[in-house]
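Engineer: This is protein_7.csv, which holds CSV, C-alpha atoms and all ligand atoms:
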chain,number,residue,atom,x,y,z
A,6,MET,CA,-8.5,31.8,-24.5
A,7,LYS,CA,-6.6,32.2,-21.1
A,8,VAL,CA,-6.7,29.4,-18.5
A,9,VAL,CA,-5.6,30.2,-15.0
A,10,ALA,CA,-4.9,27.4,-12.6
A,11,ALA,CA,-5.8,27.4,-8.9
A,12,THR,CA,-2.1,28.0,-8.3
A,13,GLY,CA,-2.3,31.2,-10.2
A,14,ALA,CA,-0.3,29.9,-13.2
A,15,ALA,CA,-1.8,31.2,-16.5
A,16,VAL,CA,-1.5,29.8,-20.0
A,17,GLU,CA,-3.0,31.5,-23.0
A,18,PHE,CA,-4.3,29.3,-25.8
A,19,LYS,CA,-5.1,30.0,-29.4
A,20,ILE,CA,-7.0,27.3,-31.2
A,21,PHE,CA,-6.3,26.6,-34.9
A,22,ASP,CA,-8.9,24.8,-37.1
A,23,TRP,CA,-6.3,22.7,-38.9
A,24,SER,CA,-8.3,19.4,-39.3
A,25,ALA,CA,-10.1,17.1,-41.7
A,26,ASP,CA,-13.2,19.4,-41.5
A,27,ARG,CA,-11.2,22.4,-42.7
A,28,TYR,CA,-9.5,20.3,-45.4
A,29,LEU,CA,-12.8,19.0,-46.7
A,30,LYS,CA,-14.2,22.6,-46.6
A,31,ASP,CA,-11.4,24.5,-48.4
A,32,GLY,CA,-8.6,22.0,-49.3
A,33,THR,CA,-6.2,23.6,-46.7
A,34,THR,CA,-4.1,21.4,-44.5
A,35,VAL,CA,-1.7,24.0,-43.1
A,36,PRO,CA,-1.9,27.7,-44.1
A,37,PRO,CA,1.2,28.9,-46.0
A,38,ASP,CA,2.7,30.7,-43.0
A,39,GLY,CA,1.5,28.1,-40.5
A,40,PHE,CA,4.7,26.5,-39.2
A,41,ALA,CA,6.5,29.8,-39.2
A,42,THR,CA,3.7,31.3,-37.1
A,43,LEU,CA,3.8,28.4,-34.6
A,44,ALA,CA,7.6,28.7,-34.3
A,45,ARG,CA,7.6,32.5,-33.9
A,46,ASP,CA,4.5,33.2,-31.7
A,47,PHE,CA,4.0,30.1,-29.5
A,48,ASP,CA,5.9,28.3,-26.7
A,49,ALA,CA,4.3,25.0,-27.3
A,50,ILE,CA,1.7,23.2,-29.4
A,51,PHE,CA,-1.0,20.8,-28.2
A,52,VAL,CA,-2.4,18.5,-31.0
A,53,GLY,CA,-5.4,16.2,-30.7
A,54,ALA,CA,-5.4,12.9,-32.6
A,55,LEU,CA,-5.6,13.2,-36.4
A,56,GLY,CA,-7.1,10.8,-38.9
A,57,ASP,CA,-10.5,10.8,-40.5
A,58,PRO,CA,-12.0,8.1,-42.8
A,59,ARG,CA,-13.6,10.9,-44.9
A,60,VAL,CA,-10.0,11.7,-46.1
A,61,PRO,CA,-8.8,8.3,-47.2
A,62,SER,CA,-5.4,9.6,-48.3
A,63,ASN,CA,-4.9,10.9,-44.7
A,64,ILE,CA,-3.1,13.9,-46.4
A,65,HIS,CA,-4.3,16.4,-43.7
A,66,ALA,CA,-2.9,14.3,-40.9
A,67,LYS,CA,0.4,13.8,-42.8
A,68,GLU,CA,0.8,17.4,-43.6
A,69,ILE,CA,-0.1,18.8,-40.2
A,70,LEU,CA,1.5,16.2,-37.9
A,71,LEU,CA,4.5,15.0,-39.9
A,72,GLY,CA,4.8,18.6,-41.1
A,73,MET,CA,5.3,19.9,-37.5
A,74,ARG,CA,7.7,17.1,-36.7
A,75,PHE,CA,9.8,17.4,-39.9
A,76,LYS,CA,9.5,21.1,-40.8
A,77,MET,CA,9.8,22.4,-37.2
A,78,ASP,CA,12.7,19.8,-36.7
A,79,LEU,CA,11.2,18.3,-33.5
A,80,TYR,CA,13.7,15.6,-33.4
A,81,ALA,CA,13.1,13.9,-30.1
A,82,ASN,CA,9.8,12.1,-29.7
A,83,VAL,CA,9.6,11.5,-26.0
A,84,ARG,CA,7.2,8.8,-24.8
A,85,PRO,CA,7.0,8.0,-21.1
A,86,VAL,CA,5.8,4.5,-20.2
A,87,LYS,CA,4.5,4.3,-16.7
A,88,LEU,CA,2.1,1.9,-15.2
A,89,LEU,CA,-0.3,3.7,-12.8
A,90,ASP,CA,-2.0,0.7,-11.3
A,91,GLU,CA,-1.4,-3.0,-11.4
A,92,SER,CA,-4.9,-3.7,-12.7
A,93,LEU,CA,-4.1,-1.9,-16.0
A,94,CYS,CA,-1.2,-4.2,-17.0
A,95,PRO,CA,-2.1,-7.2,-19.2
A,96,LEU,CA,1.0,-9.1,-17.8
A,97,LYS,CA,0.8,-11.2,-14.7
A,98,ASN,CA,2.3,-10.1,-11.4
A,99,VAL,CA,3.6,-6.8,-12.7
A,100,LYS,CA,3.6,-3.9,-10.3
A,101,PRO,CA,3.6,-0.1,-11.1
A,102,GLU,CA,7.2,0.1,-10.1
A,103,ASP,CA,8.0,-2.6,-12.7
A,104,VAL,CA,6.9,-0.4,-15.7
A,105,ASP,CA,8.6,3.0,-15.6
A,106,PHE,CA,10.7,3.8,-18.6
A,107,VAL,CA,11.0,6.4,-21.4
A,108,VAL,CA,11.3,5.8,-25.1
A,109,ILE,CA,13.1,8.4,-27.1
A,110,ARG,CA,12.1,7.9,-30.8
A,111,GLU,CA,14.1,9.7,-33.5
A,112,ASN,CA,11.4,11.9,-35.1
A,113,THR,CA,12.7,13.5,-38.3
A,114,GLU,CA,14.4,10.8,-40.3
A,115,GLY,CA,14.2,7.1,-41.2
A,116,PRO,CA,11.8,5.7,-43.8
A,117,TYR,CA,9.2,8.3,-42.8
A,118,VAL,CA,10.9,11.1,-44.8
A,119,ASP,CA,8.7,10.0,-47.7
A,120,ALA,CA,11.6,9.4,-50.2
A,121,GLY,CA,11.3,6.5,-52.6
A,122,GLY,CA,9.3,5.6,-55.7
A,123,VAL,CA,7.4,3.1,-57.7
A,124,PHE,CA,8.5,1.6,-61.0
A,125,LYS,CA,6.0,-0.1,-63.3
A,126,PRO,CA,3.1,0.6,-60.9
A,127,GLY,CA,0.1,-1.7,-61.1
A,128,THR,CA,2.0,-4.4,-63.1
A,129,VAL,CA,3.2,-7.8,-62.0
A,130,ASP,CA,6.8,-6.3,-62.4
A,131,GLU,CA,6.0,-3.5,-60.0
A,132,ILE,CA,8.9,-2.4,-57.8
A,133,ALA,CA,8.5,-0.1,-54.7
A,134,THR,CA,11.3,1.5,-52.8
A,135,GLN,CA,11.2,3.4,-49.5
A,136,GLU,CA,14.4,5.0,-48.5
A,137,ASP,CA,15.7,5.0,-44.9
A,138,PHE,CA,17.5,8.2,-44.0
A,139,ASN,CA,20.0,8.2,-41.1
A,140,THR,CA,22.3,11.2,-40.8
A,141,ARG,CA,25.2,11.5,-38.4
A,142,LYS,CA,23.8,14.7,-37.1
A,143,GLY,CA,20.3,13.3,-36.6
A,144,VAL,CA,21.5,10.1,-34.9
A,145,GLU,CA,23.9,11.9,-32.6
A,146,ARG,CA,21.5,14.6,-31.4
A,147,VAL,CA,18.7,12.1,-30.5
A,148,ILE,CA,21.2,9.8,-28.7
A,149,ARG,CA,22.6,12.8,-26.8
A,150,TYR,CA,19.0,13.8,-25.9
A,151,ALA,CA,18.5,10.4,-24.4
A,152,PHE,CA,21.6,10.6,-22.2
A,153,GLU,CA,20.7,14.2,-21.1
A,154,LEU,CA,17.2,13.1,-20.2
A,155,ALA,CA,18.5,10.2,-18.2
A,156,ARG,CA,20.7,12.6,-16.3
A,157,LYS,CA,17.9,15.1,-15.8
A,158,GLU,CA,15.4,12.5,-14.5
A,159,GLY,CA,18.0,10.6,-12.4
A,160,ARG,CA,17.8,7.5,-14.5
A,161,LYS,CA,20.6,5.1,-14.7
A,162,LYS,CA,20.6,3.4,-18.1
A,163,VAL,CA,20.3,4.2,-21.8
A,164,LEU,CA,19.6,1.4,-24.1
A,165,MET,CA,20.0,1.8,-27.9
A,166,SER,CA,17.9,-0.5,-30.1
A,167,ASP,CA,18.4,-1.1,-33.8
A,168,LYS,CA,18.6,-4.0,-36.3
A,169,SER,CA,22.3,-3.5,-37.1
A,170,ASN,CA,22.8,-7.3,-37.6
A,171,VAL,CA,20.9,-7.1,-40.9
A,172,MET,CA,20.5,-3.4,-41.6
A,173,THR,CA,24.2,-2.9,-41.5
A,174,TYR,CA,24.7,0.5,-43.0
A,175,ALA,CA,22.2,2.5,-41.0
A,176,GLY,CA,22.7,0.2,-37.9
A,177,GLY,CA,26.5,0.7,-38.2
A,178,LEU,CA,26.1,4.4,-38.0
A,179,TRP,CA,23.8,4.1,-34.9
A,180,GLN,CA,26.3,1.7,-33.3
A,181,ARG,CA,29.3,4.0,-33.8
A,182,VAL,CA,27.6,7.1,-32.7
A,183,PHE,CA,26.0,5.5,-29.7
A,184,LYS,CA,29.5,4.3,-28.5
A,185,LEU,CA,31.0,7.8,-29.0
A,186,VAL,CA,28.2,9.6,-27.2
A,187,ALA,CA,27.9,7.0,-24.4
A,188,ALA,CA,31.7,7.6,-23.7
A,189,GLU,CA,30.8,11.1,-22.7
A,190,TYR,CA,28.3,10.0,-20.0
A,191,ALA,CA,30.4,7.8,-17.7
A,192,ASP,CA,27.7,8.2,-15.0
A,193,ILE,CA,25.0,6.5,-17.2
A,194,GLN,CA,25.2,2.8,-18.1
A,195,SER,CA,24.8,2.2,-21.8
A,196,GLN,CA,23.5,-1.0,-23.4
A,197,HIS,CA,22.4,-2.2,-26.9
A,198,MET,CA,19.6,-4.6,-27.8
A,199,TYR,CA,18.3,-5.7,-31.2
A,200,VAL,CA,14.7,-4.5,-31.6
A,201,ASP,CA,13.2,-7.9,-31.9
A,202,THR,CA,14.9,-9.0,-28.7
A,203,LEU,CA,13.7,-5.8,-27.1
A,204,CYS,CA,10.1,-6.6,-27.9
A,205,MET,CA,10.4,-10.0,-26.2
A,206,HIS,CA,12.0,-8.5,-23.1
A,207,MET,CA,9.4,-5.7,-22.9
A,208,VAL,CA,6.8,-8.4,-22.4
A,209,ARG,CA,8.9,-10.8,-20.3
A,210,ASP,CA,10.7,-8.3,-18.0
A,211,PRO,CA,9.8,-4.6,-18.5
A,212,LYS,CA,11.5,-3.7,-15.2
A,213,GLN,CA,14.9,-3.8,-16.8
A,214,PHE,CA,14.3,-0.7,-18.9
A,215,ASP,CA,15.0,2.9,-18.0
A,216,VAL,CA,15.6,5.0,-21.2
A,217,ILE,CA,15.4,3.5,-24.7
A,218,VAL,CA,16.6,5.4,-27.7
A,219,THR,CA,15.8,4.1,-31.2
A,220,ASN,CA,15.0,5.2,-34.8
A,221,ASN,CA,11.7,6.6,-36.1
A,222,MET,CA,10.1,3.4,-37.3
A,223,PHE,CA,11.2,1.1,-34.4
A,224,GLY,CA,10.1,3.8,-32.0
A,225,ASP,CA,6.7,4.0,-33.6
A,226,ILE,CA,6.2,0.3,-33.3
A,227,ILE,CA,7.6,-0.4,-29.8
A,228,THR,CA,5.7,2.4,-28.2
A,229,ASP,CA,2.4,0.8,-29.1
A,230,LEU,CA,3.6,-2.3,-27.4
A,231,ALA,CA,4.8,-0.2,-24.5
A,232,ALA,CA,1.4,1.6,-24.3
A,233,ALA,CA,-0.2,-1.8,-23.9
A,234,LEU,CA,1.9,-2.4,-20.8
A,235,GLN,CA,0.5,0.8,-19.2
A,236,GLY,CA,-3.2,0.0,-20.0
A,237,GLY,CA,-3.5,0.7,-23.7
A,238,LEU,CA,-3.2,3.5,-26.2
A,239,GLY,CA,-5.7,5.5,-24.3
A,240,MET,CA,-3.1,6.0,-21.5
A,241,ALA,CA,-0.1,7.1,-23.5
A,242,ALA,CA,1.3,10.6,-23.7
A,243,SER,CA,4.1,12.1,-25.8
A,244,GLY,CA,6.1,15.2,-26.6
A,245,ASN,CA,7.9,16.1,-29.9
A,246,ILE,CA,10.8,18.2,-28.7
A,247,HIS,CA,13.6,20.3,-30.0
A,248,PRO,CA,15.3,21.9,-27.0
A,249,GLY,CA,15.0,25.7,-27.2
A,250,LYS,CA,12.4,25.6,-30.0
A,251,THR,CA,8.6,25.5,-30.0
A,252,SER,CA,7.8,21.9,-29.2
A,253,MET,CA,4.6,19.9,-29.8
A,254,PHE,CA,2.7,17.6,-27.5
A,255,GLU,CA,0.1,14.9,-28.5
A,256,PRO,CA,-1.4,11.7,-27.2
A,257,VAL,CA,0.2,8.6,-28.7
A,258,HIS,CA,-3.1,7.3,-30.0
A,259,GLY,CA,-4.7,8.1,-33.3
A,260,SER,CA,-8.3,9.2,-33.8
A,261,ALA,CA,-9.8,5.7,-33.2
A,262,PRO,CA,-12.5,6.1,-35.8
A,263,PRO,CA,-14.8,3.3,-34.4
A,264,PHE,CA,-15.0,5.4,-31.2
A,265,ALA,CA,-15.8,8.7,-32.8
A,266,GLY,CA,-18.8,10.5,-31.4
A,267,LYS,CA,-19.6,7.7,-29.0
A,268,ASN,CA,-18.1,9.3,-25.8
A,269,ILE,CA,-16.0,6.2,-25.1
A,270,ALA,CA,-12.4,7.2,-25.9
A,271,ASN,CA,-10.2,7.4,-22.9
A,272,PRO,CA,-9.1,11.1,-22.3
A,273,ILE,CA,-6.2,10.2,-20.0
A,274,GLY,CA,-3.6,10.0,-22.9
A,275,ALA,CA,-4.5,13.6,-23.8
A,276,ILE,CA,-4.7,14.8,-20.2
A,277,SER,CA,-1.3,13.3,-19.3
A,278,THR,CA,0.1,14.9,-22.5
A,279,ALA,CA,-1.1,18.3,-21.2
A,280,ALA,CA,0.7,17.6,-17.9
A,281,MET,CA,3.9,16.8,-19.9
A,282,MET,CA,3.5,20.1,-21.9
A,283,LEU,CA,3.1,22.1,-18.7
A,284,GLU,CA,6.2,20.6,-17.2
A,285,HIS,CA,8.1,21.5,-20.4
A,286,LEU,CA,6.8,25.0,-20.0
A,287,GLY,CA,8.1,25.3,-16.5
A,288,PHE,CA,4.9,24.6,-14.6
A,289,ALA,CA,6.2,21.6,-12.7
A,290,SER,CA,3.8,21.8,-9.7
A,291,GLU,CA,0.7,22.2,-12.0
A,292,SER,CA,1.9,19.2,-14.0
A,293,ALA,CA,2.4,17.1,-10.9
A,294,ARG,CA,-1.1,18.0,-9.7
A,295,ILE,CA,-2.6,16.8,-13.0
A,296,ASN,CA,-0.7,13.5,-12.8
A,297,GLN,CA,-1.9,13.0,-9.2
A,298,ALA,CA,-5.5,13.6,-10.2
A,299,VAL,CA,-5.1,11.1,-13.1
A,300,LEU,CA,-3.6,8.6,-10.7
A,301,GLU,CA,-6.5,9.0,-8.2
A,302,ALA,CA,-9.1,8.6,-11.1
A,303,VAL,CA,-7.4,5.4,-12.2
A,304,ARG,CA,-7.3,4.0,-8.6
A,305,GLU,CA,-10.9,5.0,-8.0
A,306,LYS,CA,-12.0,3.6,-11.4
A,307,LYS,CA,-13.5,7.0,-12.4
A,308,THR,CA,-12.5,6.2,-15.9
A,309,THR,CA,-13.7,5.0,-19.3
A,310,ALA,CA,-14.4,1.3,-19.9
A,311,ASP,CA,-11.1,0.4,-21.6
A,312,ILE,CA,-9.3,0.6,-18.2
A,313,GLY,CA,-12.1,-0.7,-16.1
A,314,GLY,CA,-14.4,2.2,-15.3
A,315,SER,CA,-17.9,3.0,-16.5
A,316,LEU,CA,-17.7,6.7,-17.3
A,317,GLY,CA,-17.9,8.4,-20.7
A,318,THR,CA,-15.0,10.4,-22.1
A,319,LYS,CA,-16.6,13.7,-21.0
A,320,GLU,CA,-17.5,12.5,-17.5
A,321,ALA,CA,-14.0,10.9,-17.0
A,322,ALA,CA,-12.3,14.1,-18.0
A,323,GLU,CA,-14.7,16.3,-15.9
A,324,SER,CA,-14.1,14.0,-12.9
A,325,ILE,CA,-10.3,14.6,-13.2
A,326,ALA,CA,-10.9,18.4,-13.7
A,327,SER,CA,-13.1,18.6,-10.6
A,328,SER,CA,-10.6,16.7,-8.5
A,329,LEU,CA,-8.0,19.2,-9.6
A,330,SER,CA,-10.2,22.1,-8.7
A,331,ARG,CA,-10.7,20.7,-5.2
A,332,THR,CA,-6.9,20.5,-4.4
A,333,LYS,CA,-4.4,23.4,-4.1
B,1,LIG,N1,-0.7,11.0,-33.7
B,1,LIG,C1,-1.8,10.8,-34.4
B,1,LIG,O1,-2.5,11.7,-34.7
B,1,LIG,C2,-2.1,9.5,-35.0
B,1,LIG,C3,-1.4,8.3,-34.4
B,1,LIG,C4,-1.8,7.1,-34.9
B,1,LIG,C5,-2.8,6.9,-35.9
B,1,LIG,N2,-3.4,8.1,-36.4
B,1,LIG,C6,-4.5,8.0,-37.3
B,1,LIG,O2,-5.6,7.6,-36.6
B,1,LIG,C7,-6.5,6.8,-37.5
B,1,LIG,C8,-6.8,5.5,-36.8
B,1,LIG,O3,-5.6,4.8,-36.7
B,1,LIG,P1,-5.4,3.4,-35.9
B,1,LIG,O4,-6.8,2.8,-35.7
B,1,LIG,O5,-4.3,2.6,-36.5
B,1,LIG,O6,-4.9,3.8,-34.4
B,1,LIG,P2,-5.6,4.5,-33.2
B,1,LIG,O7,-4.6,4.8,-32.2
B,1,LIG,O8,-6.6,5.5,-33.6
B,1,LIG,O9,-6.5,3.3,-32.6
B,1,LIG,C9,-6.0,2.0,-32.4
B,1,LIG,C10,-6.8,1.3,-31.2
B,1,LIG,O10,-6.2,1.8,-30.0
B,1,LIG,C11,-7.2,2.0,-29.1
B,1,LIG,N3,-7.4,3.4,-28.7
B,1,LIG,C12,-6.9,4.5,-29.4
B,1,LIG,N4,-7.2,5.6,-28.8
B,1,LIG,C13,-7.9,5.3,-27.7
B,1,LIG,C14,-8.5,6.0,-26.6
B,1,LIG,N5,-8.4,7.4,-26.6
B,1,LIG,N6,-9.1,5.3,-25.7
B,1,LIG,C15,-9.1,4.0,-25.7
B,1,LIG,N7,-8.6,3.2,-26.6
B,1,LIG,C16,-8.0,3.9,-27.6
B,1,LIG,C17,-8.5,1.5,-29.7
B,1,LIG,O11,-8.6,0.1,-29.3
B,1,LIG,C18,-8.3,1.6,-31.1
B,1,LIG,O12,-9.0,0.8,-31.9
B,1,LIG,C19,-5.7,6.7,-38.8
B,1,LIG,O13,-6.2,7.7,-39.7
B,1,LIG,C20,-4.3,6.9,-38.4
B,1,LIG,O14,-3.5,7.4,-39.5
B,1,LIG,C21,-3.0,9.3,-35.9
Would you mind writing the file's structure down as structure tokens?
Ligand SMILES: NC(=O)c1ccc[n+]([C@@H]2O[C@H](COP(=O)([O-])OP(=O)(O)OC[C@H]3O[C@@H](n4cnc5c(N)ncnc54)[C@H](O)[C@@H]3O)[C@@H](O)[C@H]2O)c1

Structural biologist:
Amino acid sequence: MKVVAATGAAVEFKIFDWSADRYLKDGTTVPPDGFATLARDFDAIFVGALGDPRVPSNIHAKEILLGMRFKMDLYANVRPVKLLDESLCPLKNVKPEDVDFVVIRENTEGPYVDAGGVFKPGTVDEIATQEDFNTRKGVERVIRYAFELARKEGRKKVLMSDKSNVMTYAGGLWQRVFKLVAAEYADIQSQHMYVDTLCMHMVRDPKQFDVIVTNNMFGDIITDLAAALQGGLGMAASGNIHPGKTSMFEPVHGSAPPFAGKNIANPIGAISTAAMMLEHLGFASESARINQAVLEAVREKKTTADIGGSLGTKEAAESIASSLSRTK
């Protein structure tokens, strides 16, 4: 499928059926050469939300999504947090300019590497371990990515967040590497905050944040909180990036099973993710036009009910598409 924008920019899509439906049909999550094909033949990947109650183990979501992140080494999970309209923020007296930061979540390590075990399962003596991997290489590259992004976007500060007061071994590595890398970026201010304090400040005074870099698990958690500041999970976009390699883009939200088939899910998270992907691919003006169309839809309340509108998913998305087609 080829899509040509009004500007003339063209993007060719190939759609893969990797999903719960396919898994339930033939037991396949990712075909044997799946990740190699993506890395070899494509510039970017756009993934819809995964998760289906018909697959209680969630094995398909894990193998497809975490498979892309880990096996394709997409180490920087970039999650912009931007408030488009005052009405969307659950906090009092917070203006759009007060919520405009980016979270860079380490995406290939931490407790999510699925290492650990269970001893004496099902007994009262059961012991479960979940190992938290932090490598010098992994920590350094994601911190460096955060500083580079700050420079590229003209941002002033990079804040590293961890829990090094109690998780001393992993936190110690993050602390040492952060100081070393920060020293190379004299033009960018560096700062540290424990993750619990960070959560408090994100609610009390989100204006202070610019770029936040943190580990996989803390990044996962704080970006749901951050999404709430911008109007909810239905508004949040993300990119899973390894500079120079095929990167993957997905809305932050999951499949929201209670919404399935009801035409009520907010499409903006996915649409803004598409804008992020286009920018990554070098289509900056097309990306900006999409972001502008989303902004207008939010201001005019041509949206789904979670952010104050009365449209269904399809109608909200069509309204943004038609406003795009009206502008050059
Ligand atoms: N990246 C992903 O694909 C991803 C991310 C998170 C969860 N999941 C999976 O999704 C399934 C459901 O997980 P969950 O309920 O914890 O998280 P979820 O993100 O699907 O939904 C949590 C809540 O966020 C809100 N929400 C989510 N998407 C929305 C949208 N488009 N519009 C408006 N509101 C929206 C709803 O209030 C919803 O109840 C699980 O199987 C989980 O593993 C997948």

Engineer: Determine the nearest neighbour of ligand LIG 1 (chain B) from the options A:Met6, A:Val257, A:Ile217, A:Ile246, counting all atoms listed in the file.

Structural biologist: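 Of all the options, A:Val257 lies closest to ligand LIG 1 (chain B).
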
Engineer: Within 10 Å of ligand LIG 1 (chain B), which residues show up when you count only C-alpha atoms and all ligand atoms? List them as a PyMOL selection string, please.

Structural biologist: chain A and resi 52-67+69-71+225+229+232-233+236-241+243+254-265+268-275+309-312+318

Engineer: Considering all atoms listed in the file, return as a PyMOL selection string whatever protein or nucleic-acid residues lie within 12 Å of Thr219 (chain A), sequence-local ones (same chain, fewer than 4 positions apart) excluded.

Structural biologist: chain A and resi 80-84+107-112+114-115+139+143-151+163-169+175-176+179-180+183+197-200+203+223-228

Engineer: If we count all atoms listed in the file, what is near Ser252 (chain A) at a cut-off of 12 Å, once residues fewer than 2 positions away on the same chain are taken out, given as a ChimeraX atom specification?

Structural biologist: /A:40,43-45,47-52,73-83,243-250,254-255,281-283,285-286

Engineer: Please dump the current selection as a PDB file, in the frame of the given file; keep C-alpha atoms.

Structural biologist:
ATOM      1  CA  PHE A  40       4.700  26.500 -39.200  1.00  0.00           C
ATOM      2  CA  LEU A  43       3.800  28.400 -34.600  1.00  0.00           C
ATOM      3  CA  ALA A  44       7.600  28.700 -34.300  1.00  0.00           C
ATOM      4  CA  ARG A  45       7.600  32.500 -33.900  1.00  0.00           C
ATOM      5  CA  PHE A  47       4.000  30.100 -29.500  1.00  0.00           C
ATOM      6  CA  ASP A  48       5.900  28.300 -26.700  1.00  0.00           C
ATOM      7  CA  ALA A  49       4.300  25.000 -27.300  1.00  0.00           C
ATOM      8  CA  ILE A  50       1.700  23.200 -29.400  1.00  0.00           C
ATOM      9  CA  PHE A  51      -1.000  20.800 -28.200  1.00  0.00           C
ATOM     10  CA  VAL A  52      -2.400  18.500 -31.000  1.00  0.00           C
ATOM     11  CA  MET A  73       5.300  19.900 -37.500  1.00  0.00           C
ATOM     12  CA  ARG A  74       7.700  17.100 -36.700  1.00  0.00           C
ATOM     13  CA  PHE A  75       9.800  17.400 -39.900  1.00  0.00           C
ATOM     14  CA  LYS A  76       9.500  21.100 -40.800  1.00  0.00           C
ATOM     15  CA  MET A  77       9.800  22.400 -37.200  1.00  0.00           C
ATOM     16  CA  ASP A  78      12.700  19.800 -36.700  1.00  0.00           C
ATOM     17  CA  LEU A  79      11.200  18.300 -33.500  1.00  0.00           C
ATOM     18  CA  TYR A  80      13.700  15.600 -33.400  1.00  0.00           C
ATOM     19  CA  ALA A  81      13.100  13.900 -30.100  1.00  0.00           C
ATOM     20  CA  ASN A  82       9.800  12.100 -29.700  1.00  0.00           C
ATOM     21  CA  VAL A  83       9.600  11.500 -26.000  1.00  0.00           C
ATOM     22  CA  SER A 243       4.100  12.100 -25.800  1.00  0.00           C
ATOM     23  CA  GLY A 244       6.100  15.200 -26.600  1.00  0.00           C
ATOM     24  CA  ASN A 245       7.900  16.100 -29.900  1.00  0.00           C
ATOM     25  CA  ILE A 246      10.800  18.200 -28.700  1.00  0.00           C
ATOM     26  CA  HIS A 247      13.600  20.300 -30.000  1.00  0.00           C
ATOM     27  CA  PRO A 248      15.300  21.900 -27.000  1.00  0.00           C
ATOM     28  CA  GLY A 249      15.000  25.700 -27.200  1.00  0.00           C
ATOM     29  CA  LYS A 250      12.400  25.600 -30.000  1.00  0.00           C
ATOM     30  CA  PHE A 254       2.700  17.600 -27.500  1.00  0.00           C
ATOM     31  CA  GLU A 255       0.100  14.900 -28.500  1.00  0.00           C
ATOM     32  CA  MET A 281       3.900  16.800 -19.900  1.00  0.00           C
ATOM     33  CA  MET A 282       3.500  20.100 -21.900  1.00  0.00           C
ATOM     34  CA  LEU A 283       3.100  22.100 -18.700  1.00  0.00           C
ATOM     35  CA  HIS A 285       8.100  21.500 -20.400  1.00  0.00           C
ATOM     36  CA  LEU A 286       6.800  25.000 -20.000  1.00  0.00           C
TER      37      LEU A 286
END

Engineer: Which residue is closest to Glu102 (chain A)? Choose from A:Leu88, A:Ile20, A:Val123, A:Val299 and count all atoms listed in the file.

Structural biologist: A:Leu88

Engineer: Go through A:Glu68, A:Gly287, A:Thr251, A:Gln135 one by one, measure the shortest atom-to-atom distance of each to Tyr28 (chain A) using all atoms listed in the file, and give the residue with the smallest value.

Structural biologist: A:Glu68

Engineer: Between A:Cys94, A:Val104, A:Leu329, A:Ala120, single out the one closest to Lys212 (chain A), counting all atoms listed in the file.

Structural biologist: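 Looking only at the distances to Lys212 (chain A), the closest residue turns out to be A:Val104.
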
Engineer: What does the distance from CA of Val35 (chain A) to CA of Glu284 (chain A) come to in Å, to one decimal?

Structural biologist: 27.3 Å

Engineer: Between A:Asp103, A:Gly121, A:Ala188, A:Leu29, which is the closest to Asp215 (chain A) once you count only C-alpha atoms?

Structural biologist: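 Looking only at the distances to Asp215 (chain A), the closest residue turns out to be A:Asp103.
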